[in-house]
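This report concerns only the one structure given below.
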Amino acid sequence: MAMGYSIDQNGHLDLSRYFLGFGYDMFQVRDVSHDYYFAELTRPLYWNGLPVIGLNSEAKWRHLICVHGRDGLPLNPITDIELERVKRLPLIPKVLDRRIDLDIFRQTNKRGKEDSISVVATGPDINYLVTLGALPGKYIFRSAYPAGSKYVGKIWDRVNRPEKYRKDGITQLVERYRK
């Protein structure tokens, strides 16, 4: 049964109608996140004019909404779903379309070829990280999650101390995009 979804004033998935006074109805949260994901995020998305693949599966949906490491089957909505991940699903197309402020990092491998792109979206109530893997002529969607200082700090550490991570390649800040 399609549930319908809405976006709140912060650009997040509106879950307020599923708040029961003491917590959220996580079964409803699961269903609305599924509806949103398959209605909005499985359409063609692009980064820098190249297609982004890898978003059209149940496994990727679970990966994007679940607590780290709990995205397997069976999905238990009460213990596995992370509300902040669900709320921020609408940020994915905004990041890919550059509709919000972004810091864009590129990681190159030992041979100097682009390996991945990490995009950090910043702003009030945003702080979101999207990671794309680079393939010839396209990108593959790896992950997206709320980016606290821990995750963003790891990226900046790779930029500021390349000698520590030389075996993995080089990470560089390639662009600060401000809308």
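Scheme for the structure tokens: letters A, B, ... for chains in order shown; per-chain residue numbers from 1; ligand numbers from 1 in order shown.
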Each residue of region 80-165 of chain A with at least one atom at most 7 Å from region 53-61 of chain A should appear once, together with its nearest atom pair and the corresponding distance in Å (one decimal); atoms considered: only C-alpha atoms; ordering: chain, then increasing residue number; output as CSV.
residue,atom,partner,partner_atom,distance
A:Tyr139,CA,A:Ile53,CA,6.2
A:Ile140,CA,A:Ile53,CA,4.8
A:Phe141,CA,A:Gly54,CA,5.4
Could you build a table of the residues in region 112-173 of chain A lying no more than 10 Å from region 72-85 of chain A, giving for each the nearest pair of atoms and their separation in Å rounded to one decimal place, using only C-alpha atoms, ordered by chain and ascending residue number, as JSON lines?
{"residue": "A:Tyr128", "atom": "CA", "partner": "A:Arg85", "partner_atom": "CA", "distance": 9.4}
{"residue": "A:Ala144", "atom": "CA", "partner": "A:Arg85", "partner_atom": "CA", "distance": 8.3}
{"residue": "A:Tyr145", "atom": "CA", "partner": "A:Arg85", "partner_atom": "CA", "distance": 5.9}
{"residue": "A:Pro146", "atom": "CA", "partner": "A:Arg85", "partner_atom": "CA", "distance": 6.5}
Print the selection's residues with all heavy atoms to a file, as a compact mmCIF listing (two decimals), in the first residue's frame.
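Ended up saving to part.txt:
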# COMPACT_ATOMS: atom_id res chain seq x y z
N TYR A 128 25.90 16.03 5.83
CA TYR A 128 25.61 14.77 5.16
C TYR A 128 26.77 14.41 4.26
O TYR A 128 27.36 15.27 3.61
CB TYR A 128 24.33 14.95 4.33
CG TYR A 128 23.62 13.70 3.96
CD1 TYR A 128 23.09 12.86 4.92
CD2 TYR A 128 23.43 13.35 2.63
CE1 TYR A 128 22.41 11.70 4.56
CE2 TYR A 128 22.75 12.21 2.26
CZ TYR A 128 22.24 11.40 3.24
OH TYR A 128 21.56 10.25 2.88
N ALA A 144 25.68 6.96 1.82
CA ALA A 144 25.30 8.30 2.26
C ALA A 144 24.81 8.19 3.69
O ALA A 144 24.11 7.24 4.04
CB ALA A 144 24.19 8.87 1.38
N TYR A 145 25.23 9.13 4.52
CA TYR A 145 24.81 9.11 5.92
C TYR A 145 25.08 10.45 6.57
O TYR A 145 25.88 11.24 6.06
CB TYR A 145 25.52 7.98 6.69
CG TYR A 145 26.99 7.85 6.43
CD1 TYR A 145 27.92 8.62 7.11
CD2 TYR A 145 27.45 6.95 5.48
CE1 TYR A 145 29.28 8.49 6.86
CE2 TYR A 145 28.79 6.80 5.22
CZ TYR A 145 29.71 7.59 5.93
OH TYR A 145 31.04 7.46 5.67
N PRO A 146 24.41 10.71 7.70
CA PRO A 146 24.70 11.95 8.43
C PRO A 146 26.19 12.00 8.77
O PRO A 146 26.76 11.02 9.25
CB PRO A 146 23.84 11.84 9.69
CG PRO A 146 22.74 10.90 9.31
CD PRO A 146 23.35 9.93 8.34
Exercise for review: Identify, on the basis of only C-alpha atoms, every residue whose closest approach to Ala121 (chain A) does not exceed 12 Å; exclude the query and any residue fewer than 5 positions from it along the same chain; express the result as an NGL selection string.
Suggested key: :A and (88 or 91-105 or 126-131 or 144-148 or 152 or 176-179)
Check your understanding: Using the chain letters and numbers from this document, which residues of chain A does DSSP assign to strand (DSSP E or B), as a PyMOL selection string?
Key -> chain A and resi 7+13+19+24+45-47+50-53+66+81+102-108+114-121+128-135+138-146+170-177
From the DSSP assignment of the backbone, select every residue of region 45-179 of chain A that is alpha helix (DSSP H), and format the answer as a JSON list (two decimals) with all heavy atoms, in the first residue's frame.
[["chain", "number", "residue", "atom", "x", "y", "z"],
["A", 58, "GLU", "N", 16.71, -3.16, -3.24],
["A", 58, "GLU", "CA", 16.27, -3.24, -1.83],
["A", 58, "GLU", "C", 17.47, -3.20, -0.90],
["A", 58, "GLU", "O", 17.42, -2.60, 0.17],
["A", 58, "GLU", "CB", 15.48, -4.53, -1.60],
["A", 58, "GLU", "CG", 14.14, -4.59, -2.26],
["A", 58, "GLU", "CD", 13.04, -3.89, -1.47],
["A", 58, "GLU", "OE1", 13.13, -3.81, -0.24],
["A", 58, "GLU", "OE2", 12.09, -3.43, -2.12],
["A", 59, "ALA", "N", 18.55, -3.85, -1.29],
["A", 59, "ALA", "CA", 19.74, -3.88, -0.43],
["A", 59, "ALA", "C", 20.31, -2.48, -0.23],
["A", 59, "ALA", "O", 20.71, -2.12, 0.88],
["A", 59, "ALA", "CB", 20.80, -4.80, -1.04],
["A", 60, "LYS", "N", 20.34, -1.64, -1.27],
["A", 60, "LYS", "CA", 20.86, -0.27, -1.13],
["A", 60, "LYS", "C", 19.92, 0.55, -0.26],
["A", 60, "LYS", "O", 20.37, 1.35, 0.56],
["A", 60, "LYS", "CB", 21.07, 0.37, -2.50],
["A", 60, "LYS", "CG", 21.74, 1.72, -2.44],
["A", 60, "LYS", "CD", 23.09, 1.71, -1.74],
["A", 60, "LYS", "CE", 24.14, 1.10, -2.59],
["A", 60, "LYS", "NZ", 25.50, 1.18, -2.03],
["A", 61, "TRP", "N", 18.62, 0.37, -0.42],
["A", 61, "TRP", "CA", 17.66, 1.08, 0.44],
["A", 61, "TRP", "C", 17.91, 0.72, 1.90],
["A", 61, "TRP", "O", 17.99, 1.60, 2.74],
["A", 61, "TRP", "CB", 16.22, 0.72, 0.02],
["A", 61, "TRP", "CG", 15.19, 1.07, 1.05],
["A", 61, "TRP", "CD1", 14.78, 2.32, 1.40],
["A", 61, "TRP", "CD2", 14.46, 0.15, 1.87],
["A", 61, "TRP", "NE1", 13.82, 2.23, 2.39],
["A", 61, "TRP", "CE2", 13.60, 0.91, 2.69],
["A", 61, "TRP", "CE3", 14.44, -1.24, 1.97],
["A", 61, "TRP", "CZ2", 12.75, 0.33, 3.61],
["A", 61, "TRP", "CZ3", 13.57, -1.81, 2.88],
["A", 61, "TRP", "CH2", 12.74, -1.04, 3.68],
["A", 62, "ARG", "N", 18.06, -0.57, 2.20],
["A", 62, "ARG", "CA", 18.33, -0.98, 3.59],
["A", 62, "ARG", "C", 19.64, -0.38, 4.08],
["A", 62, "ARG", "O", 19.72, 0.09, 5.21],
["A", 62, "ARG", "CB", 18.36, -2.51, 3.71],
["A", 62, "ARG", "CG", 17.00, -3.16, 3.62],
["A", 62, "ARG", "CD", 17.03, -4.63, 4.01],
["A", 62, "ARG", "NE", 18.07, -5.39, 3.33],
["A", 62, "ARG", "CZ", 17.93, -5.99, 2.16],
["A", 62, "ARG", "NH1", 16.78, -5.91, 1.52],
["A", 62, "ARG", "NH2", 18.93, -6.66, 1.62],
["A", 63, "HIS", "N", 20.65, -0.39, 3.24],
["A", 63, "HIS", "CA", 21.95, 0.17, 3.61],
["A", 63, "HIS", "C", 21.82, 1.65, 3.98],
["A", 63, "HIS", "O", 22.47, 2.11, 4.93],
["A", 63, "HIS", "CB", 22.94, -0.01, 2.46],
["A", 63, "HIS", "CG", 24.24, 0.67, 2.68],
["A", 63, "HIS", "ND1", 25.18, 0.20, 3.57],
["A", 63, "HIS", "CD2", 24.77, 1.80, 2.15],
["A", 63, "HIS", "CE1", 26.23, 1.00, 3.57],
["A", 63, "HIS", "NE2", 25.99, 1.98, 2.71],
["A", 64, "LEU", "N", 20.99, 2.38, 3.26],
["A", 64, "LEU", "CA", 20.87, 3.82, 3.48],
["A", 64, "LEU", "C", 20.04, 4.19, 4.71],
["A", 64, "LEU", "O", 20.19, 5.27, 5.24],
["A", 64, "LEU", "CB", 20.30, 4.51, 2.24],
["A", 64, "LEU", "CG", 21.23, 4.53, 1.04],
["A", 64, "LEU", "CD1", 20.50, 5.08, -0.18],
["A", 64, "LEU", "CD2", 22.48, 5.34, 1.34],
["A", 65, "ILE", "N", 19.15, 3.31, 5.15],
["A", 65, "ILE", "CA", 18.27, 3.67, 6.28],
["A", 65, "ILE", "C", 18.66, 3.01, 7.59],
["A", 65, "ILE", "O", 18.18, 3.41, 8.64],
["A", 65, "ILE", "CB", 16.79, 3.37, 5.98],
["A", 65, "ILE", "CG1", 16.53, 1.87, 5.88],
["A", 65, "ILE", "CG2", 16.31, 4.13, 4.77],
["A", 65, "ILE", "CD1", 15.08, 1.48, 5.98],
["A", 77, "PRO", "N", 12.52, -3.23, 11.94],
["A", 77, "PRO", "CA", 12.40, -1.78, 11.97],
["A", 77, "PRO", "C", 12.66, -1.17, 13.36],
["A", 77, "PRO", "O", 13.15, -0.06, 13.46],
["A", 77, "PRO", "CB", 10.96, -1.51, 11.53],
["A", 77, "PRO", "CG", 10.56, -2.71, 10.79],
["A", 77, "PRO", "CD", 11.31, -3.85, 11.42],
["A", 78, "ILE", "N", 12.34, -1.88, 14.40],
["A", 78, "ILE", "CA", 12.48, -1.32, 15.75],
["A", 78, "ILE", "C", 13.94, -1.17, 16.14],
["A", 78, "ILE", "O", 14.32, -0.18, 16.76],
["A", 78, "ILE", "CB", 11.70, -2.19, 16.75],
["A", 78, "ILE", "CG1", 10.21, -2.11, 16.40],
["A", 78, "ILE", "CG2", 11.96, -1.73, 18.18],
["A", 78, "ILE", "CD1", 9.35, -3.09, 17.14],
["A", 79, "THR", "N", 14.79, -2.11, 15.77],
["A", 79, "THR", "CA", 16.19, -2.05, 16.20],
["A", 79, "THR", "C", 17.16, -1.65, 15.09],
["A", 79, "THR", "O", 18.26, -1.21, 15.40],
["A", 79, "THR", "CB", 16.64, -3.41, 16.76],
["A", 79, "THR", "OG1", 16.50, -4.40, 15.74],
["A", 79, "THR", "CG2", 15.83, -3.79, 17.98],
["A", 80, "ASP", "N", 16.78, -1.78, 13.84],
["A", 80, "ASP", "CA", 17.73, -1.59, 12.75],
["A", 80, "ASP", "C", 17.69, -0.23, 12.07],
["A", 80, "ASP", "O", 18.69, 0.22, 11.53],
["A", 80, "ASP", "CB", 17.54, -2.68, 11.68],
["A", 80, "ASP", "CG", 17.81, -4.07, 12.21],
["A", 80, "ASP", "OD1", 18.42, -4.20, 13.28],
["A", 80, "ASP", "OD2", 17.41, -5.04, 11.54],
["A", 83, "LEU", "N", 16.67, 6.83, 12.46],
["A", 83, "LEU", "CA", 15.78, 7.90, 12.04],
["A", 83, "LEU", "C", 16.49, 9.00, 11.26],
["A", 83, "LEU", "O", 15.96, 9.51, 10.27],
["A", 83, "LEU", "CB", 15.06, 8.52, 13.24],
["A", 83, "LEU", "CG", 13.91, 7.72, 13.81],
["A", 83, "LEU", "CD1", 13.42, 8.32, 15.11],
["A", 83, "LEU", "CD2", 12.77, 7.64, 12.81],
["A", 84, "GLU", "N", 17.68, 9.39, 11.69],
["A", 84, "GLU", "CA", 18.39, 10.48, 11.00],
["A", 84, "GLU", "C", 18.76, 10.09, 9.57],
["A", 84, "GLU", "O", 18.75, 10.94, 8.68],
["A", 84, "GLU", "CB", 19.63, 10.90, 11.78],
["A", 84, "GLU", "CG", 19.30, 11.64, 13.07],
["A", 84, "GLU", "CD", 18.40, 12.86, 12.84],
["A", 84, "GLU", "OE1", 18.67, 13.66, 11.91],
["A", 84, "GLU", "OE2", 17.42, 13.02, 13.59],
["A", 85, "ARG", "N", 19.04, 8.84, 9.35],
["A", 85, "ARG", "CA", 19.33, 8.39, 7.98],
["A", 85, "ARG", "C", 18.06, 8.46, 7.13],
["A", 85, "ARG", "O", 18.11, 8.86, 5.98],
["A", 85, "ARG", "CB", 19.88, 6.97, 7.98],
["A", 85, "ARG", "CG", 21.30, 6.89, 8.47],
["A", 85, "ARG", "CD", 21.78, 5.44, 8.44],
["A", 85, "ARG", "NE", 23.16, 5.33, 8.82],
["A", 85, "ARG", "CZ", 24.10, 4.73, 8.09],
["A", 85, "ARG", "NH1", 23.78, 4.17, 6.95],
["A", 85, "ARG", "NH2", 25.34, 4.67, 8.50],
["A", 86, "VAL", "N", 16.94, 8.05, 7.70],
["A", 86, "VAL", "CA", 15.67, 8.09, 6.96],
["A", 86, "VAL", "C", 15.30, 9.54, 6.64],
["A", 86, "VAL", "O", 14.97, 9.86, 5.50],
["A", 86, "VAL", "CB", 14.55, 7.41, 7.76],
["A", 86, "VAL", "CG1", 13.19, 7.62, 7.10],
["A", 86, "VAL", "CG2", 14.84, 5.93, 7.93],
["A", 87, "LYS", "N", 15.38, 10.41, 7.63],
["A", 87, "LYS", "CA", 15.00, 11.81, 7.42],
["A", 87, "LYS", "C", 15.82, 12.46, 6.32],
["A", 87, "LYS", "O", 15.33, 13.31, 5.60],
["A", 87, "LYS", "CB", 15.20, 12.61, 8.71],
["A", 87, "LYS", "CG", 14.20, 12.32, 9.79],
["A", 87, "LYS", "CD", 14.53, 13.14, 11.02],
["A", 87, "LYS", "CE", 13.66, 12.78, 12.19],
["A", 87, "LYS", "NZ", 14.01, 13.54, 13.40],
["A", 91, "LEU", "N", 18.13, 14.42, 0.83],
["A", 91, "LEU", "CA", 19.34, 15.18, 0.55],
["A", 91, "LEU", "C", 20.16, 14.57, -0.59],
["A", 91, "LEU", "O", 20.96, 15.27, -1.23],
["A", 91, "LEU", "CB", 20.21, 15.28, 1.80],
["A", 91, "LEU", "CG", 19.64, 16.12, 2.94],
["A", 91, "LEU", "CD1", 20.54, 16.07, 4.15],
["A", 91, "LEU", "CD2", 19.41, 17.55, 2.49],
["A", 92, "ILE", "N", 19.98, 13.29, -0.86],
["A", 92, "ILE", "CA", 20.79, 12.64, -1.90],
["A", 92, "ILE", "C", 20.64, 13.33, -3.26],
["A", 92, "ILE", "O", 21.64, 13.72, -3.86],
["A", 92, "ILE", "CB", 20.49, 11.13, -1.97],
["A", 92, "ILE", "CG1", 20.97, 10.45, -0.67],
["A", 92, "ILE", "CG2", 21.13, 10.49, -3.19],
["A", 92, "ILE", "CD1", 20.53, 9.01, -0.51],
["A", 93, "PRO", "N", 19.42, 13.51, -3.78],
["A", 93, "PRO", "CA", 19.34, 14.21, -5.08],
["A", 93, "PRO", "C", 19.80, 15.66, -5.00],
["A", 93, "PRO", "O", 20.37, 16.18, -5.96],
["A", 93, "PRO", "CB", 17.86, 14.11, -5.47],
["A", 93, "PRO", "CG", 17.14, 13.56, -4.31],
["A", 93, "PRO", "CD", 18.12, 13.01, -3.35],
["A", 94, "LYS", "N", 19.63, 16.31, -3.86],
["A", 94, "LYS", "CA", 20.10, 17.69, -3.72],
["A", 94, "LYS", "C", 21.62, 17.76, -3.79],
["A", 94, "LYS", "O", 22.18, 18.69, -4.36],
["A", 94, "LYS", "CB", 19.62, 18.30, -2.40],
["A", 94, "LYS", "CG", 18.15, 18.60, -2.38],
["A", 94, "LYS", "CD", 17.76, 19.20, -1.05],
["A", 94, "LYS", "CE", 16.29, 19.50, -1.01],
["A", 94, "LYS", "NZ", 15.88, 20.08, 0.27],
["A", 95, "VAL", "N", 22.28, 16.79, -3.19],
["A", 95, "VAL", "CA", 23.74, 16.74, -3.26],
["A", 95, "VAL", "C", 24.18, 16.49, -4.69],
["A", 95, "VAL", "O", 25.05, 17.19, -5.23],
["A", 95, "VAL", "CB", 24.30, 15.65, -2.30],
["A", 95, "VAL", "CG1", 25.76, 15.35, -2.61],
["A", 95, "VAL", "CG2", 24.14, 16.07, -0.85],
["A", 96, "LEU", "N", 23.60, 15.50, -5.33],
["A", 96, "LEU", "CA", 24.01, 15.14, -6.69],
["A", 96, "LEU", "C", 23.70, 16.25, -7.70],
["A", 96, "LEU", "O", 24.43, 16.42, -8.68],
["A", 96, "LEU", "CB", 23.37, 13.83, -7.11],
["A", 96, "LEU", "CG", 23.80, 12.60, -6.31],
["A", 96, "LEU", "CD1", 23.05, 11.37, -6.76],
["A", 96, "LEU", "CD2", 25.31, 12.38, -6.38],
["A", 149, "SER", "N", 31.28, 15.18, 12.93],
["A", 149, "SER", "CA", 32.67, 15.61, 12.86],
["A", 149, "SER", "C", 33.63, 14.43, 12.72],
["A", 149, "SER", "O", 34.70, 14.56, 12.15],
["A", 149, "SER", "CB", 33.02, 16.44, 14.09],
["A", 149, "SER", "OG", 32.83, 15.67, 15.26],
["A", 150, "LYS", "N", 33.24, 13.26, 13.21],
["A", 150, "LYS", "CA", 34.10, 12.07, 13.10],
["A", 150, "LYS", "C", 34.37, 11.72, 11.64],
["A", 150, "LYS", "O", 35.51, 11.53, 11.23],
["A", 150, "LYS", "CB", 33.43, 10.90, 13.82],
["A", 150, "LYS", "CG", 34.15, 9.58, 13.66],
["A", 150, "LYS", "CD", 33.37, 8.48, 14.35],
["A", 150, "LYS", "CE", 33.95, 7.12, 14.03],
["A", 150, "LYS", "NZ", 33.14, 6.04, 14.59],
["A", 151, "TYR", "N", 33.31, 11.64, 10.82],
["A", 151, "TYR", "CA", 33.46, 11.25, 9.43],
["A", 151, "TYR", "C", 34.16, 12.34, 8.62],
["A", 151, "TYR", "O", 35.03, 12.08, 7.82],
["A", 151, "TYR", "CB", 32.11, 10.93, 8.81],
["A", 151, "TYR", "CG", 31.46, 9.72, 9.43],
["A", 151, "TYR", "CD1", 30.28, 9.81, 10.12],
["A", 151, "TYR", "CD2", 32.05, 8.46, 9.30],
["A", 151, "TYR", "CE1", 29.68, 8.70, 10.69],
["A", 151, "TYR", "CE2", 31.47, 7.35, 9.87],
["A", 151, "TYR", "CZ", 30.29, 7.47, 10.56],
["A", 151, "TYR", "OH", 29.71, 6.38, 11.11],
["A", 152, "VAL", "N", 33.73, 13.58, 8.81],
["A", 152, "VAL", "CA", 34.33, 14.69, 8.08],
["A", 152, "VAL", "C", 35.79, 14.84, 8.50],
["A", 152, "VAL", "O", 36.66, 15.10, 7.68],
["A", 152, "VAL", "CB", 33.53, 15.98, 8.29],
["A", 152, "VAL", "CG1", 34.21, 17.16, 7.62],
["A", 152, "VAL", "CG2", 32.11, 15.81, 7.76],
["A", 153, "GLY", "N", 36.09, 14.63, 9.78],
["A", 153, "GLY", "CA", 37.47, 14.69, 10.27],
["A", 153, "GLY", "C", 38.36, 13.68, 9.60],
["A", 153, "GLY", "O", 39.53, 13.95, 9.30],
["A", 154, "LYS", "N", 37.84, 12.49, 9.33],
["A", 154, "LYS", "CA", 38.63, 11.45, 8.64],
["A", 154, "LYS", "C", 39.00, 11.90, 7.23],
["A", 154, "LYS", "O", 40.12, 11.67, 6.77],
["A", 154, "LYS", "CB", 37.86, 10.14, 8.58],
["A", 154, "LYS", "CG", 37.80, 9.41, 9.89],
["A", 154, "LYS", "CD", 37.04, 8.11, 9.73],
["A", 154, "LYS", "CE", 36.98, 7.35, 11.03],
["A", 154, "LYS", "NZ", 36.26, 6.08, 10.91],
["A", 155, "ILE", "N", 38.07, 12.53, 6.55],
["A", 155, "ILE", "CA", 38.36, 13.01, 5.20],
["A", 155, "ILE", "C", 39.41, 14.11, 5.24],
["A", 155, "ILE", "O", 40.38, 14.09, 4.49],
["A", 155, "ILE", "CB", 37.08, 13.49, 4.50],
["A", 155, "ILE", "CG1", 36.14, 12.32, 4.26],
["A", 155, "ILE", "CG2", 37.41, 14.19, 3.18],
["A", 155, "ILE", "CD1", 34.77, 12.71, 3.76],
["A", 156, "TRP", "N", 39.22, 15.08, 6.15],
["A", 156, "TRP", "CA", 40.20, 16.16, 6.25],
["A", 156, "TRP", "C", 41.56, 15.64, 6.68],
["A", 156, "TRP", "O", 42.60, 16.16, 6.27],
["A", 156, "TRP", "CB", 39.70, 17.26, 7.21],
["A", 156, "TRP", "CG", 38.77, 18.20, 6.52],
["A", 156, "TRP", "CD1", 37.43, 18.31, 6.72],
["A", 156, "TRP", "CD2", 39.09, 19.14, 5.50],
["A", 156, "TRP", "NE1", 36.90, 19.26, 5.89],
["A", 156, "TRP", "CE2", 37.90, 19.79, 5.14],
["A", 156, "TRP", "CE3", 40.28, 19.50, 4.86],
["A", 156, "TRP", "CZ2", 37.87, 20.78, 4.16],
["A", 156, "TRP", "CZ3", 40.23, 20.49, 3.89],
["A", 156, "TRP", "CH2", 39.03, 21.12, 3.55],
["A", 157, "ASP", "N", 41.59, 14.59, 7.49],
["A", 157, "ASP", "CA", 42.86, 14.00, 7.90],
["A", 157, "ASP", "C", 43.59, 13.43, 6.67],
["A", 157, "ASP", "O", 44.80, 13.57, 6.53],
["A", 157, "ASP", "CB", 42.63, 12.91, 8.95],
["A", 157, "ASP", "CG", 43.91, 12.47, 9.63],
["A", 157, "ASP", "OD1", 44.76, 13.33, 9.93],
["A", 157, "ASP", "OD2", 44.06, 11.25, 9.86],
["A", 158, "ARG", "N", 42.85, 12.80, 5.77],
["A", 158, "ARG", "CA", 43.44, 12.28, 4.54],
["A", 158, "ARG", "C", 43.99, 13.41, 3.66],
["A", 158, "ARG", "O", 45.00, 13.25, 2.99],
["A", 158, "ARG", "CB", 42.42, 11.47, 3.74],
["A", 158, "ARG", "CG", 42.10, 10.13, 4.34],
["A", 158, "ARG", "CD", 41.07, 9.41, 3.47],
["A", 158, "ARG", "NE", 40.94, 8.04, 3.87],
["A", 158, "ARG", "CZ", 41.72, 7.06, 3.45],
["A", 158, "ARG", "NH1", 42.69, 7.31, 2.61],
["A", 158, "ARG", "NH2", 41.54, 5.83, 3.86],
["A", 159, "VAL", "N", 43.30, 14.55, 3.66],
["A", 159, "VAL", "CA", 43.74, 15.69, 2.86],
["A", 159, "VAL", "C", 45.00, 16.32, 3.47],
["A", 159, "VAL", "O", 45.96, 16.62, 2.76],
["A", 159, "VAL", "CB", 42.62, 16.75, 2.76],
["A", 159, "VAL", "CG1", 43.13, 18.05, 2.15],
["A", 159, "VAL", "CG2", 41.45, 16.21, 1.94],
["A", 160, "ASN", "N", 44.97, 16.52, 4.77],
["A", 160, "ASN", "CA", 46.05, 17.25, 5.45],
["A", 160, "ASN", "C", 47.28, 16.41, 5.76],
["A", 160, "ASN", "O", 48.35, 16.96, 6.01],
["A", 160, "ASN", "CB", 45.52, 17.88, 6.74],
["A", 160, "ASN", "CG", 44.48, 18.94, 6.45],
["A", 160, "ASN", "OD1", 44.55, 19.64, 5.45],
["A", 160, "ASN", "ND2", 43.49, 19.04, 7.31]]
Check your understanding: For the atom pair CA of His34 (chain A) and CA of Ser143 (chain A), what is the interatomic distance in Å to one decimal place?
Key ->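 Distance between the two atoms: 16.5 Å.
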